[in-house]
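**Student:** Data: model-v7.cif, mmCIF, C-alpha atoms.
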```cif
data_run
loop_
_atom_site.label_atom_id
_atom_site.label_comp_id
_atom_site.auth_asym_id
_atom_site.auth_seq_id
_atom_site.Cartn_x
_atom_site.Cartn_y
_atom_site.Cartn_z
CA MET A 208 116.85 92.77 76.67
CA PRO A 209 114.10 95.07 75.34
CA ALA A 210 113.99 98.72 76.37
CA TYR A 211 111.37 99.91 78.85
CA GLU A 212 110.19 103.40 79.74
CA THR A 213 110.51 103.26 83.52
CA VAL A 214 112.72 100.23 84.16
CA ASP A 215 116.21 99.34 82.96
CA VAL A 216 117.48 95.77 82.70
CA LEU A 217 121.26 95.62 82.93
CA ARG A 218 123.24 92.47 82.16
CA ARG A 219 126.63 91.50 83.55
CA GLY A 220 127.26 87.98 82.30
CA PRO A 221 124.71 85.66 83.94
CA ALA A 222 123.63 88.38 86.40
CA ALA A 223 120.75 90.71 85.58
CA THR A 224 119.80 93.88 87.44
CA ILE A 225 116.27 95.27 87.19
CA LEU A 226 116.54 98.97 87.94
CA LEU A 227 113.41 100.93 88.82
CA ASN A 228 114.08 104.16 86.97
CA ARG A 229 111.72 106.94 88.02
CA PRO A 230 114.16 108.76 90.30
CA GLU A 231 112.26 112.05 90.07
CA SER A 232 109.35 110.37 91.90
CA MET A 233 111.56 108.21 94.14
CA ASN A 234 110.61 105.26 91.95
CA ALA A 235 106.93 105.47 92.81
CA TRP A 236 104.78 102.93 91.00
CA ASN A 237 102.59 104.36 88.26
CA LYS A 238 100.81 102.30 85.60
CA GLN A 239 103.77 102.28 83.22
CA LEU A 240 106.23 101.18 85.90
CA GLY A 241 103.92 98.32 86.80
CA LEU A 242 103.74 97.19 83.18
CA ASP A 243 107.48 97.58 82.62
CA LEU A 244 108.47 95.85 85.84
CA LEU A 245 106.25 92.87 85.12
CA ALA A 246 107.66 92.57 81.60
CA ALA A 247 111.23 92.80 82.89
CA ILE A 248 110.64 90.11 85.51
CA GLU A 249 109.05 87.80 82.95
CA GLN A 250 111.95 88.40 80.58
CA CYS A 251 114.56 87.57 83.22
CA ALA A 252 112.65 84.48 84.30
CA ALA A 253 112.43 83.16 80.74
CA ASP A 254 116.08 83.82 79.84
CA ASP A 255 118.16 80.74 80.65
CA GLY A 256 121.27 82.89 80.42
CA VAL A 257 120.16 84.81 83.51
CA ARG A 258 121.13 82.89 86.64
CA ALA A 259 120.61 85.56 89.31
CA VAL A 260 118.52 88.72 89.46
CA CYS A 261 118.97 91.91 91.45
CA VAL A 262 116.18 94.44 91.93
CA THR A 263 117.14 97.97 92.95
CA GLY A 264 116.21 101.61 92.46
CA ALA A 265 117.74 104.52 90.60
CA GLY A 266 118.67 107.64 92.56
CA ARG A 267 118.15 107.96 96.28
CA SER A 268 115.19 105.60 96.73
CA PHE A 269 114.43 101.92 96.28
CA SER A 270 110.74 102.72 95.85
CA SER A 271 108.45 105.18 97.62
CA GLY A 272 105.39 103.02 96.96
CA ALA A 273 102.34 103.69 94.81
CA ASP A 274 102.24 106.97 92.91
CA LEU A 275 99.14 108.63 94.37
CA LYS A 276 99.03 111.04 91.44
CA ASP A 277 98.39 108.05 89.20
CA PHE A 278 95.33 106.78 91.05
CA GLY A 279 92.94 108.53 88.66
CA ASN A 280 94.01 106.31 85.76
CA ASP A 281 92.13 103.25 87.01
CA LEU A 282 88.67 103.99 88.42
CA ASP A 283 85.83 101.68 89.39
CA PRO A 284 82.17 102.32 88.43
CA ASN A 285 81.79 104.53 91.54
CA GLY A 286 84.67 106.78 90.51
CA ARG A 287 87.01 105.47 93.19
CA PRO A 288 90.47 104.04 92.42
CA ASP A 289 90.03 100.45 91.24
CA VAL A 290 92.69 99.10 93.55
CA TYR A 291 91.41 95.54 93.17
CA LYS A 292 92.04 95.57 89.43
CA VAL A 293 95.46 97.19 89.79
CA LEU A 294 96.54 94.72 92.45
CA THR A 295 95.24 91.55 90.83
CA GLU A 296 96.11 92.33 87.23
CA ARG A 297 99.33 94.30 87.59
CA TYR A 298 100.98 94.06 91.00
CA HIS A 299 100.34 90.47 92.04
CA PRO A 300 102.05 88.93 88.99
CA ILE A 301 105.12 91.04 89.82
CA ILE A 302 105.25 89.78 93.40
CA THR A 303 104.60 86.14 92.56
CA GLY A 304 106.93 86.38 89.59
CA LEU A 305 109.84 87.20 91.89
CA ARG A 306 108.84 84.84 94.67
CA GLU A 307 108.38 81.88 92.31
CA MET A 308 111.22 82.66 89.87
CA PRO A 309 113.45 79.55 89.72
CA LYS A 310 116.53 81.72 90.24
CA PRO A 311 117.92 83.60 93.24
CA VAL A 312 116.64 87.17 93.59
CA VAL A 313 118.39 89.88 95.61
CA ALA A 314 116.67 93.11 96.63
CA ALA A 315 119.33 95.81 96.86
CA VAL A 316 117.53 98.42 98.96
CA ASN A 317 119.52 101.55 98.18
CA GLY A 318 117.08 103.93 99.90
CA PRO A 319 113.54 104.09 101.29
CA ALA A 320 111.39 101.01 100.64
CA VAL A 321 107.83 102.15 101.27
CA GLY A 322 104.42 100.52 100.80
CA ILE A 323 104.40 98.35 97.68
CA GLY A 324 108.13 99.11 97.47
CA LEU A 325 108.61 97.26 100.75
CA SER A 326 106.45 94.41 99.44
CA LEU A 327 108.65 94.20 96.36
CA ALA A 328 111.82 93.99 98.45
CA LEU A 329 110.41 91.23 100.65
CA ALA A 330 109.34 89.18 97.62
CA ALA A 331 113.05 88.67 96.95
CA ASP A 332 115.10 85.89 98.50
CA LEU A 333 117.84 88.01 100.04
CA VAL A 334 117.44 91.64 101.10
CA VAL A 335 120.54 93.82 101.42
CA ALA A 336 120.10 97.42 102.55
CA ARG A 337 122.22 100.54 102.45
CA GLN A 338 122.72 101.73 106.02
CA SER A 339 120.88 104.99 105.34
CA ALA A 340 117.82 103.16 103.94
CA TYR A 341 114.60 102.65 105.83
CA PHE A 342 111.43 100.56 105.55
CA LEU A 343 107.87 101.75 105.97
CA LEU A 344 104.43 100.13 105.78
CA ALA A 345 102.85 103.46 104.89
CA PHE A 346 99.40 102.18 103.93
CA VAL A 347 97.76 103.09 107.23
CA ASN A 348 98.84 106.71 106.81
CA ILE A 349 96.34 107.12 103.96
CA GLY A 350 93.64 104.83 105.38
CA LEU A 351 94.64 101.69 103.51
CA VAL A 352 95.93 98.25 104.53
CA PRO A 353 99.10 96.36 103.61
CA ASP A 354 99.11 94.86 100.14
CA GLY A 355 101.48 93.39 97.57
CA GLY A 356 102.00 90.42 99.88
CA SER A 357 103.32 92.42 102.82
CA SER A 358 100.60 91.07 105.13
CA LEU A 359 102.22 87.67 104.53
CA PHE A 360 105.89 88.45 104.01
CA VAL A 361 106.34 90.76 106.99
CA PRO A 362 104.90 88.46 109.71
CA GLU A 363 106.61 85.42 108.19
CA ARG A 364 109.93 87.20 108.62
CA ILE A 365 109.47 88.98 111.96
CA GLY A 366 106.30 87.62 113.62
CA PHE A 367 102.91 89.08 114.51
CA THR A 368 104.03 91.43 117.27
CA ARG A 369 106.42 93.44 115.15
CA ALA A 370 104.32 93.13 111.99
CA ILE A 371 101.27 94.65 113.65
CA GLU A 372 103.42 97.47 115.00
CA LEU A 373 104.71 98.32 111.53
CA ALA A 374 101.27 98.00 109.93
CA MET A 375 99.24 99.97 112.50
CA LEU A 376 101.71 102.67 113.52
CA GLY A 377 103.07 103.37 110.05
CA GLU A 378 106.48 104.44 111.33
CA ARG A 379 109.87 104.20 109.69
CA LEU A 380 112.08 101.22 110.49
CA SER A 381 115.79 101.92 110.04
CA ALA A 382 117.97 99.48 108.14
CA ASP A 383 119.87 98.60 111.33
CA LYS A 384 116.64 97.90 113.22
CA ALA A 385 115.27 95.91 110.28
CA LEU A 386 118.36 93.72 110.45
CA GLU A 387 118.02 93.33 114.21
CA TRP A 388 114.38 92.30 113.80
CA GLY A 389 115.19 89.79 111.05
CA LEU A 390 113.28 91.59 108.30
CA ILE A 391 116.37 91.76 106.07
CA ASN A 392 119.62 89.86 105.64
CA LYS A 393 122.38 92.44 105.66
CA VAL A 394 123.15 96.14 106.13
CA VAL A 395 126.10 97.67 104.28
CA ALA A 396 127.77 101.04 104.75
CA ASP A 397 126.60 103.46 102.07
CA ASP A 398 130.00 103.78 100.39
CA ASP A 399 130.47 100.01 100.19
CA PHE A 400 126.93 99.13 99.14
CA ASP A 401 127.28 98.82 95.35
CA ALA A 402 130.40 96.66 95.53
CA GLU A 403 128.89 94.36 98.18
CA VAL A 404 125.71 93.88 96.17
CA GLU A 405 127.61 93.18 92.96
CA ALA A 406 129.78 90.58 94.69
CA LEU A 407 126.72 88.83 96.17
CA VAL A 408 124.80 88.73 92.91
CA ASP A 409 127.87 87.48 91.03
CA ARG A 410 128.35 84.74 93.62
CA LEU A 411 124.75 83.61 93.19
CA ALA A 412 124.98 83.82 89.39
CA ALA A 413 128.00 81.49 89.49
CA GLY A 414 126.31 79.03 91.84
CA PRO A 415 124.16 75.91 91.35
CA THR A 416 121.08 77.53 89.81
CA ARG A 417 118.88 74.43 89.99
CA SER A 418 119.84 73.91 93.62
CA PHE A 419 118.78 77.48 94.40
CA ALA A 420 115.51 76.89 92.55
CA GLY A 421 114.87 73.71 94.52
CA THR A 422 115.52 75.51 97.80
CA LYS A 423 113.04 78.22 96.83
CA ARG A 424 110.41 75.57 96.02
CA GLN A 425 110.91 73.95 99.42
CA LEU A 426 110.71 77.18 101.41
CA ASN A 427 107.79 78.48 99.36
CA ALA A 428 105.94 75.23 100.02
CA TRP A 429 106.56 75.54 103.76
CA LEU A 430 106.01 79.27 104.24
CA TYR A 431 104.05 80.67 101.30
CA THR A 432 101.47 78.10 100.25
CA ARG A 433 98.84 80.71 101.21
CA MET A 434 100.44 83.43 99.08
CA HIS A 435 97.91 83.52 96.26
CA ASP A 436 94.96 83.34 98.67
CA GLN A 437 96.48 86.08 100.82
CA LEU A 438 97.07 88.32 97.83
CA GLU A 439 93.41 87.90 96.86
CA LEU A 440 92.32 88.74 100.41
CA GLU A 441 94.56 91.82 100.41
CA ALA A 442 92.99 93.01 97.17
CA GLN A 443 89.46 92.50 98.50
CA VAL A 444 90.14 94.33 101.76
CA GLN A 445 91.99 97.09 99.95
CA ARG A 446 88.97 97.59 97.70
CA GLU A 447 86.86 98.07 100.84
CA MET A 448 89.35 100.60 102.21
CA ALA A 449 89.42 102.56 98.94
CA ALA A 450 85.69 103.12 99.34
CA THR A 451 86.04 104.82 102.73
CA ASP A 452 86.03 108.50 103.54
CA ASP A 453 89.23 108.00 105.53
CA PHE A 454 91.04 106.98 102.35
CA VAL A 455 89.90 110.14 100.59
CA GLU A 456 91.03 112.19 103.56
CA GLY A 457 94.35 110.38 103.74
CA VAL A 458 95.20 110.99 100.10
CA THR A 459 93.99 114.60 100.27
CA ALA A 460 96.09 115.28 103.35
CA PHE A 461 99.12 113.68 101.73
CA MET A 462 98.76 115.86 98.64
CA GLN A 463 98.26 118.96 100.79
CA LYS A 464 101.20 117.99 103.02
CA ARG A 465 99.20 118.14 106.24
CA ASP A 466 98.17 115.71 108.98
CA SER A 467 95.17 113.53 108.24
CA ALA A 468 91.94 114.01 110.17
CA PHE A 469 90.50 110.51 110.07
CA LYS A 470 86.86 109.98 111.16
CA GLY A 471 86.87 106.20 111.28
CA ALA A 472 84.46 105.90 108.37
#
```
As a first step, turn the structure in this file into structure tokens.

**Tutor:**
Amino acid sequence: MPAYETVDVLRRGPAATILLNRPESMNAWNKQLGLDLLAAIEQCAADDGVRAVCVTGAGRSFSSGADLKDFGNDLDPNGRPDVYKVLTERYHPIITGLREMPKPVVAAVNGPAVGIGLSLALAADLVVARQSAYFLLAFVNIGLVPDGGSSLFVPERIGFTRAIELAMLGERLSADKALEWGLINKVVADDDFDAEVEALVDRLAAGPTRSFAGTKRQLNAWLYTRMHDQLELEAQVQREMAATDDFVEGVTAFMQKRDSAFKGA
């Protein structure tokens, strides 16, 4: 496996772990992490020796979402963050790469899964969370809308009523509540988490890989035939939101560590 700047790919026989490795930023997504993560996913997908993939985070977070300090690296002609370009060219291939990978994918949510970090977790097949972890659709808190497929993955897992609550209220959902709601598959005590995840990934890596791939094709065909269209819609709507004054206020308030004063414009 090649070396990446912000992601590590660890092999244990036929099992591969993709480790988001920006612990100082709680594994927030900057440009380099997006490039590295996509390359790592493509590498694992192409390697016939890899029969199961785990995605997890280094340190105390799975992923805290987009790195707002990195927004200035991709600007549109109006000087606003070019979220459409970032989503369509960088993030969407990551999400579809996991969802369509012909191998089982486990998201080992070792800590907060926020924003695009939550989207990444839900693109996996099985989601296992440390008991102290939580989930958060944080987009609304800076005047944005769900993206990275979360406007599809969340309601498909837990229904409209709970999805709209998460998306509009922007509140934390504990791992235990996420399990109760059906958003994730399993919650494991913090001290037992690593061993449980390793055992699950090893079990999948020793299983009938083509059978797993066929099951994914069936479920994708039933549940996610709209995925690519929905991702495009998310990118279009997100571009509209990035042009609003509320978005500017949301990001400014976040950086200044104060409450936002949204004006609805």

**Student:** Name the residues captured by the PyMOL selection byres ((chain A and resi 396-405) around 8) when it is applied to the shown file; answer as a list of chain:residue names.

**Tutor:**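 Applied to this file, the PyMOL selection byres ((chain A and resi 396-405) around 8) returns A:Ala315, A:Asn317, A:Val335, A:Ala336, A:Arg337, A:Gln338, A:Ser339, A:Val394, A:Val395, A:Ala406, A:Leu407, A:Val408, A:Asp409.
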
**Student:** Applying the PyMOL selection byres ((chain A and resi 350) around 12) to the file I just gave you, which residues come out? Please list them as number ranges by chain.

**Tutor:** A: 344-349, 351-353, 374-377, 444-461, 467-472

**Student:** Would you list the contacts of segment 266-277 of chain A as number ranges by chain, taking every protein, DNA or RNA residue within 7 Å and counting only C-alpha atoms, but skipping same-chain residues closer than 4 positions in sequence?

**Tutor:** A: 230, 233-237, 316-324

**Student:** Please list as a PyMOL selection string every residue within 9 Å of segment 220-223 of chain A, counting all atoms listed in the file and excluding residues in the same chain fewer than 2 positions away.

**Tutor:** chain A and resi 216-218+225+251+255-262+408-409+411-413

**Student:** Kindly export the residues of the current selection with C-alpha atoms, as an mmCIF file, in the coordinates of the input.

**Tutor:**
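Result went into part-v9.cif, see below:
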```cif
data_model
loop_
_atom_site.group_PDB
_atom_site.id
_atom_site.type_symbol
_atom_site.label_atom_id
_atom_site.label_comp_id
_atom_site.auth_asym_id
_atom_site.auth_seq_id
_atom_site.Cartn_x
_atom_site.Cartn_y
_atom_site.Cartn_z
ATOM 1 C CA VAL A 216 117.480 95.770 82.700
ATOM 2 C CA LEU A 217 121.260 95.620 82.930
ATOM 3 C CA ARG A 218 123.240 92.470 82.160
ATOM 4 C CA ILE A 225 116.270 95.270 87.190
ATOM 5 C CA CYS A 251 114.560 87.570 83.220
ATOM 6 C CA ASP A 255 118.160 80.740 80.650
ATOM 7 C CA GLY A 256 121.270 82.890 80.420
ATOM 8 C CA VAL A 257 120.160 84.810 83.510
ATOM 9 C CA ARG A 258 121.130 82.890 86.640
ATOM 10 C CA ALA A 259 120.610 85.560 89.310
ATOM 11 C CA VAL A 260 118.520 88.720 89.460
ATOM 12 C CA CYS A 261 118.970 91.910 91.450
ATOM 13 C CA VAL A 262 116.180 94.440 91.930
ATOM 14 C CA VAL A 408 124.800 88.730 92.910
ATOM 15 C CA ASP A 409 127.870 87.480 91.030
ATOM 16 C CA LEU A 411 124.750 83.610 93.190
ATOM 17 C CA ALA A 412 124.980 83.820 89.390
ATOM 18 C CA ALA A 413 128.000 81.490 89.490
#
```

**Student:** Would you mind reading off the distance between atom CA of Ala252 of chain A and atom CA of Val361 of chain A, one decimal, in Å?

**Tutor:**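 It comes out at 24.4 Å.
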
**Student:** Could you write segment 363-416 of chain A of the block just shown to a file containing C-alpha atoms, as a PDB file, in the first residue's frame?

**Tutor:**
```pdb
ATOM      1  CA  GLU A 363     -33.254   5.198   4.401  1.00  0.00           C
ATOM      2  CA  ARG A 364     -32.003   3.913   7.748  1.00  0.00           C
ATOM      3  CA  ILE A 365     -34.308   5.682  10.213  1.00  0.00           C
ATOM      4  CA  GLY A 366     -37.170   7.279   8.240  1.00  0.00           C
ATOM      5  CA  PHE A 367     -38.275  10.851   7.551  1.00  0.00           C
ATOM      6  CA  THR A 368     -39.415  11.765  11.045  1.00  0.00           C
ATOM      7  CA  ARG A 369     -36.106  11.138  12.736  1.00  0.00           C
ATOM      8  CA  ALA A 370     -34.037  12.272   9.745  1.00  0.00           C
ATOM      9  CA  ILE A 371     -35.694  15.683   9.660  1.00  0.00           C
ATOM     10  CA  GLU A 372     -35.140  16.027  13.405  1.00  0.00           C
ATOM     11  CA  LEU A 373     -31.422  15.366  13.045  1.00  0.00           C
ATOM     12  CA  ALA A 374     -31.087  17.610   9.987  1.00  0.00           C
ATOM     13  CA  MET A 375     -33.075  20.615  11.253  1.00  0.00           C
ATOM     14  CA  LEU A 376     -32.192  20.619  14.952  1.00  0.00           C
ATOM     15  CA  GLY A 377     -28.509  19.802  14.532  1.00  0.00           C
ATOM     16  CA  GLU A 378     -28.270  18.045  17.895  1.00  0.00           C
ATOM     17  CA  ARG A 379     -26.020  15.220  18.994  1.00  0.00           C
ATOM     18  CA  LEU A 380     -27.327  11.666  18.831  1.00  0.00           C
ATOM     19  CA  SER A 381     -25.649   9.317  21.295  1.00  0.00           C
ATOM     20  CA  ALA A 382     -24.400   5.933  20.154  1.00  0.00           C
ATOM     21  CA  ASP A 383     -27.023   4.174  22.281  1.00  0.00           C
ATOM     22  CA  LYS A 384     -29.831   6.273  20.799  1.00  0.00           C
ATOM     23  CA  ALA A 385     -28.449   5.764  17.293  1.00  0.00           C
ATOM     24  CA  LEU A 386     -28.654   2.018  17.855  1.00  0.00           C
ATOM     25  CA  GLU A 387     -32.181   2.308  19.219  1.00  0.00           C
ATOM     26  CA  TRP A 388     -33.230   4.321  16.173  1.00  0.00           C
ATOM     27  CA  GLY A 389     -31.634   1.858  13.746  1.00  0.00           C
ATOM     28  CA  LEU A 390     -29.025   4.262  12.396  1.00  0.00           C
ATOM     29  CA  ILE A 391     -26.171   1.896  13.293  1.00  0.00           C
ATOM     30  CA  ASN A 392     -25.692  -1.825  13.845  1.00  0.00           C
ATOM     31  CA  LYS A 393     -23.907  -2.188  17.155  1.00  0.00           C
ATOM     32  CA  VAL A 394     -22.599  -0.293  20.191  1.00  0.00           C
ATOM     33  CA  VAL A 395     -19.570  -1.641  22.049  1.00  0.00           C
ATOM     34  CA  ALA A 396     -18.149  -0.637  25.417  1.00  0.00           C
ATOM     35  CA  ASP A 397     -15.143   1.630  24.944  1.00  0.00           C
ATOM     36  CA  ASP A 398     -12.629  -0.833  26.396  1.00  0.00           C
ATOM     37  CA  ASP A 399     -13.863  -3.683  24.186  1.00  0.00           C
ATOM     38  CA  PHE A 400     -14.264  -1.685  20.982  1.00  0.00           C
ATOM     39  CA  ASP A 401     -10.993  -2.435  19.173  1.00  0.00           C
ATOM     40  CA  ALA A 402     -11.187  -6.181  19.777  1.00  0.00           C
ATOM     41  CA  GLU A 403     -14.843  -6.365  18.686  1.00  0.00           C
ATOM     42  CA  VAL A 404     -14.147  -4.447  15.483  1.00  0.00           C
ATOM     43  CA  GLU A 405     -11.115  -6.571  14.646  1.00  0.00           C
ATOM     44  CA  ALA A 406     -13.098  -9.773  15.143  1.00  0.00           C
ATOM     45  CA  LEU A 407     -15.931  -8.525  12.905  1.00  0.00           C
ATOM     46  CA  VAL A 408     -13.648  -7.398  10.101  1.00  0.00           C
ATOM     47  CA  ASP A 409     -11.685 -10.661  10.257  1.00  0.00           C
ATOM     48  CA  ARG A 410     -14.937 -12.626  10.064  1.00  0.00           C
ATOM     49  CA  LEU A 411     -15.992 -10.712   6.965  1.00  0.00           C
ATOM     50  CA  ALA A 412     -12.537 -11.028   5.399  1.00  0.00           C
ATOM     51  CA  ALA A 413     -12.754 -14.815   5.798  1.00  0.00           C
ATOM     52  CA  GLY A 414     -16.264 -14.989   4.356  1.00  0.00           C
ATOM     53  CA  PRO A 415     -17.691 -15.475   0.846  1.00  0.00           C
ATOM     54  CA  THR A 416     -16.524 -12.217  -0.734  1.00  0.00           C
TER      55      THR A 416
END
```
